[in-house]
Amino acid sequence: MFKKTLTLAVAAAALTIAAPALADDVKIGFLADVSGPIAGFAPGMVEAGNLAIANVNDQGGILDGQKLISVSADSECDSGKAATAADRLVNAENVVAIFGGYCSGSTIAGANGSAIPGNVVMISPASTAPAVAELNDNDLVFRDVVPDSIQGVKAAELLLAQGVKEVGVTYVNNDYGSGLAGAFVDAFVAGGGKVLANVAHEDGKADYRPEIGQIEAAGATTLVIYGYENAGGGAILNQAIEAGSFDLFMGGDGMAGEALLASRNAADLEGMILTQAAPAEGPAFDALAALTSAVGQDVTGTYVTNSYDAVFLLALAIEKNGSAERAGVSAALREIANAPGETILPGEWAKAKELIAAGTDINYEGASGSIEFDAVGDVAGAINYFVVEGGSVVNKGLIQ
């Protein structure tokens with residue numbers, strides 16, 4: 001999961017070389033945060049989504065042989081820009097469905113501004129904020145990533161089980177940070193722990209010593225950081241190390257990634273804990289691993305499995321719906337994702353297309369895990385934790 005992912009430059013190039021759409025092309029919009037605070041891993045997500053599209057086109061295309069294409073808009077992990085980007089996808093490009101957003105704020109802004117009014121289904125591979133599940137979305141917004149309502153609780157349980165009873169928390173002041181911190185704090189306090197300080201921070205600052213000082217003054221020696229590694233969260237981590245007041249650091253999925261150790265002295269982070277949705281295993285994961293390996297992609301990159309699954313699911317739903325119209329895609333998505341049905345694995349487009357044409361129910365099993373959408377469009381899942389040990393990030397397995 002922490003292996004080298006594709007660079008931003010490669011992904012940016014991939015965004016700009018798409019050929020102009022023909023009249024019978026079927027468009028899926030990519031509301032993709034390829035610049036901004038998650039630029040370190042978003043390009044790999046775009047590549048995974050485009051791999052799913054290539055698999056569809058290489059096996060006969062969608063519907064009556066039409067070509068499936070992606071139309072990308074960079075929402076920059078910014079709600080205002082996401083609203084503009086989603087408007088272009090929905091109302092100018094006339095996409096059938098949307099893969100994204102990645103950041104929670106992008107998904108919420110894109111959904112409320114254009115996707116929901118335009119009756120466009122969205123699947124996010126990475127928007128984990130609980131607020132996504134609270135959208136009045138007419139069953140149009142889905143996620144194939146484990147929500148923070150699970151990650152935050154499991155992180156709290158892990159620290160308590162390790163004997164950590166007091167913490168300080170800082171979180172980026174957006175839907176992702178506040179949602180994850182809220183779930184953590186509630187669970188930690190309910191389990192008998194004390195949150196000595198709970199401080200919001202804004203991205204883009206040079207100096208976070210006031211926020212760190214507030215947490216230090218409260219007496220916390222364990223610092224939980226819910227932010228982005230290459231934005232405010234990473235800067236806080238650096239300045240907290242300089243302060244020397246904390247014995248233990250914990251971060252969520254926004255702090256995970258190869259850059260965590262690449263730009264820091266690993267000894268300073270010894271013992272740091274990171275939480276992230278557990279990677280899948282089994283036939284579906286193995287199937288995608290073979291597909292990504294064949295084109296030089298890394299299946300273990302952050303949210304790569306979720307991204308491939310999201311786009312393949314949208315393609316299957318459009319095929320099941322029988323047209324490139326937006327109406328009916330939501331219901332079709334639930335039919336092809338949820339049991340019962342004949343199992344479809346990543347890459348098995350020709351098989352799925354044949355079964356759908358024959359009127360046979362299918363059940364897509366994702367590389368990111370078993371995808372069974374609940375009433376609000378979420379999936380269940382498990383959380384892994386990782387520990388920095390001896391200069392490496394070591395996967396410790398599931399938080400039980």
# chains A, B, ... in the order shown; residues from 1 in each chain; ligands from 1
>>> closest_atom_pairs(of="range 94-202 of chain A", to="range 372-391 of chain A", cutoff="12 Å", atoms="only C-alpha atoms", output="CSV")
residue,atom,partner,partner_atom,distance
A:Val121,CA,A:Gly377,CA,10.8
A:Met122,CA,A:Gly377,CA,10.1
A:Ile123,CA,A:Gly377,CA,8.9
A:Ser124,CA,A:Asp378,CA,10.0
A:Pro125,CA,A:Asp378,CA,10.8
A:Ala126,CA,A:Asp378,CA,11.6
A:Ser127,CA,A:Asp378,CA,10.7
A:Thr128,CA,A:Asp378,CA,9.8
A:Ala129,CA,A:Asp378,CA,11.3
A:Pro130,CA,A:Asp378,CA,10.1
A:Ala131,CA,A:Val376,CA,11.2
A:Val132,CA,A:Val376,CA,9.1
A:Ala133,CA,A:Val376,CA,5.8
A:Glu134,CA,A:Val376,CA,8.0
A:Leu135,CA,A:Val376,CA,8.8
A:Asn136,CA,A:Val376,CA,9.7
A:Asp137,CA,A:Val376,CA,9.0
A:Asn138,CA,A:Val376,CA,9.7
A:Asp139,CA,A:Val376,CA,7.1
A:Leu140,CA,A:Gly377,CA,8.2
A:Val141,CA,A:Gly377,CA,6.5
A:Phe142,CA,A:Gly377,CA,4.4
A:Arg143,CA,A:Asp378,CA,5.3
A:Asp144,CA,A:Val379,CA,5.8
A:Val145,CA,A:Val379,CA,6.7
A:Val146,CA,A:Gly381,CA,5.6
A:Pro147,CA,A:Asp378,CA,7.6
A:Asp148,CA,A:Ile383,CA,10.0
A:Ser149,CA,A:Ala380,CA,10.6
A:Ile150,CA,A:Ile383,CA,7.7
A:Gln151,CA,A:Ile383,CA,6.2
A:Gly152,CA,A:Ile383,CA,9.5
A:Val153,CA,A:Ile383,CA,9.8
A:Lys154,CA,A:Ile383,CA,7.0
A:Ala155,CA,A:Tyr385,CA,8.3
A:Ala156,CA,A:Tyr385,CA,11.7
A:Glu157,CA,A:Ile383,CA,11.3
A:Leu158,CA,A:Tyr385,CA,8.7
A:Leu159,CA,A:Tyr385,CA,10.9
>>> closest_residue(among="A:Leu63, A:Ala357, A:Leu237, A:Ala310", to="Leu333 in chain A", atoms="only C-alpha atoms")
A:Ala310
>>> atom_distance(atom1="CA of His201 in chain A", atom2="CA of Gln239 in chain A")
13.5 Å
>>> atom_distance(atom1="CA of Trp349 in chain A", atom2="CA of Ile371 in chain A")
17.0 Å
>>> closest_residue(among="A:Ala243, A:Ile62, A:Gly49, A:Gly296", to="Glu354 in chain A", atoms="only C-alpha atoms")
A:Ile62
>>> select_by_dssp(residues="range 115-335 of chain A", states="strand (DSSP E or B)", output="JSON, numbers by chain")
{"A": [121, 122, 123, 124, 141, 142, 143, 166, 167, 168, 169, 170, 171, 172, 194, 195, 196, 197, 198, 199, 200, 201, 222, 223, 224, 225, 226, 248, 249, 250, 251, 273, 274, 275, 276, 277]}
>>> residues_around(residues="range 75-80 of chain A", least_positions_apart="5", cutoff="12 Å", atoms="only C-alpha atoms", output="PyMOL selection string")
chain A and resi 29-39+42+85-89+100-113+126-127+174-176+203+228+231
>>> closest_residue(among="A:Val311, A:Ala327, A:Thr305, A:Thr300", to="Asn50 in chain A", atoms="only C-alpha atoms")
A:Val311
>>> closest_residue(among="A:Gln297, A:Asn55, A:Asn94, A:Asn198", to="Lys67 in chain A", atoms="only C-alpha atoms")
A:Asn55
>>> closest_residue(among="A:Thr275, A:Ser293, A:Asn57, A:Gln214", to="Gly168 in chain A", atoms="only C-alpha atoms")
A:Gln214
>>> closest_residue(among="A:Leu291, A:Ala115, A:Val299, A:Ala266", to="Pro346 in chain A", atoms="only C-alpha atoms")
A:Leu291
>>> residues_around(residues="Lys205 in chain A", least_positions_apart="3", cutoff="10 Å", atoms="only C-alpha atoms", output="PDB file with C-alpha atoms, in the first residue's frame")
ATOM      1  CA  HIS A 201      -6.215  23.485  11.633  1.00  0.00           C
ATOM      2  CA  GLU A 202      -6.339  25.079   8.197  1.00  0.00           C
ATOM      3  CA  TYR A 208       1.378  25.629  13.153  1.00  0.00           C
ATOM      4  CA  ALA A 231      -0.461  19.788   3.445  1.00  0.00           C
ATOM      5  CA  GLY A 232      -1.206  20.979   6.976  1.00  0.00           C
ATOM      6  CA  ALA A 235       3.620  20.410   8.408  1.00  0.00           C
ATOM      7  CA  ILE A 236       2.165  19.847  11.883  1.00  0.00           C
TER       8      ILE A 236
END
>>> select_by_dssp(residues="range 302-348 of chain A", states="alpha helix (DSSP H)", output="compact mmCIF listing (two decimals) with N, CA and C atoms, in the first residue's frame")
# COMPACT_ATOMS: atom_id res chain seq x y z
N VAL A 304 -6.28 2.39 -5.17
CA VAL A 304 -6.26 1.87 -6.53
C VAL A 304 -7.36 0.85 -6.74
N THR A 305 -7.52 -0.08 -5.81
CA THR A 305 -8.57 -1.09 -5.96
C THR A 305 -9.96 -0.45 -5.94
N ASN A 306 -10.16 0.50 -5.03
CA ASN A 306 -11.46 1.17 -4.94
C ASN A 306 -11.79 1.92 -6.23
N SER A 307 -10.75 2.51 -6.84
CA SER A 307 -10.95 3.30 -8.05
C SER A 307 -11.32 2.42 -9.24
N TYR A 308 -10.59 1.33 -9.42
CA TYR A 308 -10.94 0.41 -10.51
C TYR A 308 -12.37 -0.09 -10.32
N ASP A 309 -12.68 -0.53 -9.10
CA ASP A 309 -14.02 -1.06 -8.83
C ASP A 309 -15.10 -0.04 -9.13
N ALA A 310 -14.89 1.21 -8.74
CA ALA A 310 -15.91 2.25 -8.93
C ALA A 310 -16.24 2.42 -10.41
N VAL A 311 -15.22 2.50 -11.25
CA VAL A 311 -15.47 2.73 -12.68
C VAL A 311 -16.06 1.48 -13.33
N PHE A 312 -15.57 0.31 -12.96
CA PHE A 312 -16.12 -0.92 -13.53
C PHE A 312 -17.58 -1.09 -13.11
N LEU A 313 -17.90 -0.74 -11.87
CA LEU A 313 -19.29 -0.79 -11.41
C LEU A 313 -20.18 0.14 -12.23
N LEU A 314 -19.71 1.35 -12.49
CA LEU A 314 -20.51 2.29 -13.27
C LEU A 314 -20.75 1.76 -14.68
N ALA A 315 -19.71 1.17 -15.28
CA ALA A 315 -19.88 0.60 -16.62
C ALA A 315 -20.90 -0.54 -16.60
N LEU A 316 -20.81 -1.41 -15.61
CA LEU A 316 -21.77 -2.51 -15.50
C LEU A 316 -23.19 -2.00 -15.31
N ALA A 317 -23.34 -0.94 -14.50
CA ALA A 317 -24.67 -0.38 -14.26
C ALA A 317 -25.27 0.21 -15.53
N ILE A 318 -24.42 0.89 -16.32
CA ILE A 318 -24.91 1.44 -17.59
C ILE A 318 -25.32 0.32 -18.53
N GLU A 319 -24.50 -0.72 -18.59
CA GLU A 319 -24.83 -1.87 -19.44
C GLU A 319 -26.13 -2.52 -18.98
N LYS A 320 -26.29 -2.69 -17.67
CA LYS A 320 -27.51 -3.28 -17.12
C LYS A 320 -28.72 -2.40 -17.41
N ASN A 321 -28.53 -1.10 -17.36
CA ASN A 321 -29.62 -0.15 -17.61
C ASN A 321 -30.08 -0.19 -19.07
N VAL A 329 -29.86 4.32 -13.77
CA VAL A 329 -28.51 3.84 -13.46
C VAL A 329 -28.38 3.47 -11.99
N SER A 330 -28.99 4.25 -11.11
CA SER A 330 -28.90 3.96 -9.67
C SER A 330 -29.47 2.59 -9.33
N ALA A 331 -30.66 2.30 -9.82
CA ALA A 331 -31.27 1.00 -9.55
C ALA A 331 -30.44 -0.12 -10.16
N ALA A 332 -29.93 0.11 -11.36
CA ALA A 332 -29.11 -0.91 -12.01
C ALA A 332 -27.82 -1.15 -11.24
N LEU A 333 -27.26 -0.10 -10.65
CA LEU A 333 -26.04 -0.25 -9.86
C LEU A 333 -26.25 -1.18 -8.68
N ARG A 334 -27.34 -1.00 -7.99
CA ARG A 334 -27.62 -1.89 -6.86
C ARG A 334 -27.82 -3.33 -7.33
N GLU A 335 -28.41 -3.51 -8.49
CA GLU A 335 -28.65 -4.86 -9.00
C GLU A 335 -27.34 -5.58 -9.33
N ILE A 336 -26.40 -4.88 -9.94
CA ILE A 336 -25.17 -5.57 -10.37
C ILE A 336 -24.14 -5.68 -9.25
N ALA A 337 -24.28 -4.85 -8.21
CA ALA A 337 -23.31 -4.87 -7.11
C ALA A 337 -23.71 -5.83 -6.00
>>> atom_distance(atom1="CA of Leu274 in chain A", atom2="CA of Gly251 in chain A")
4.8 Å
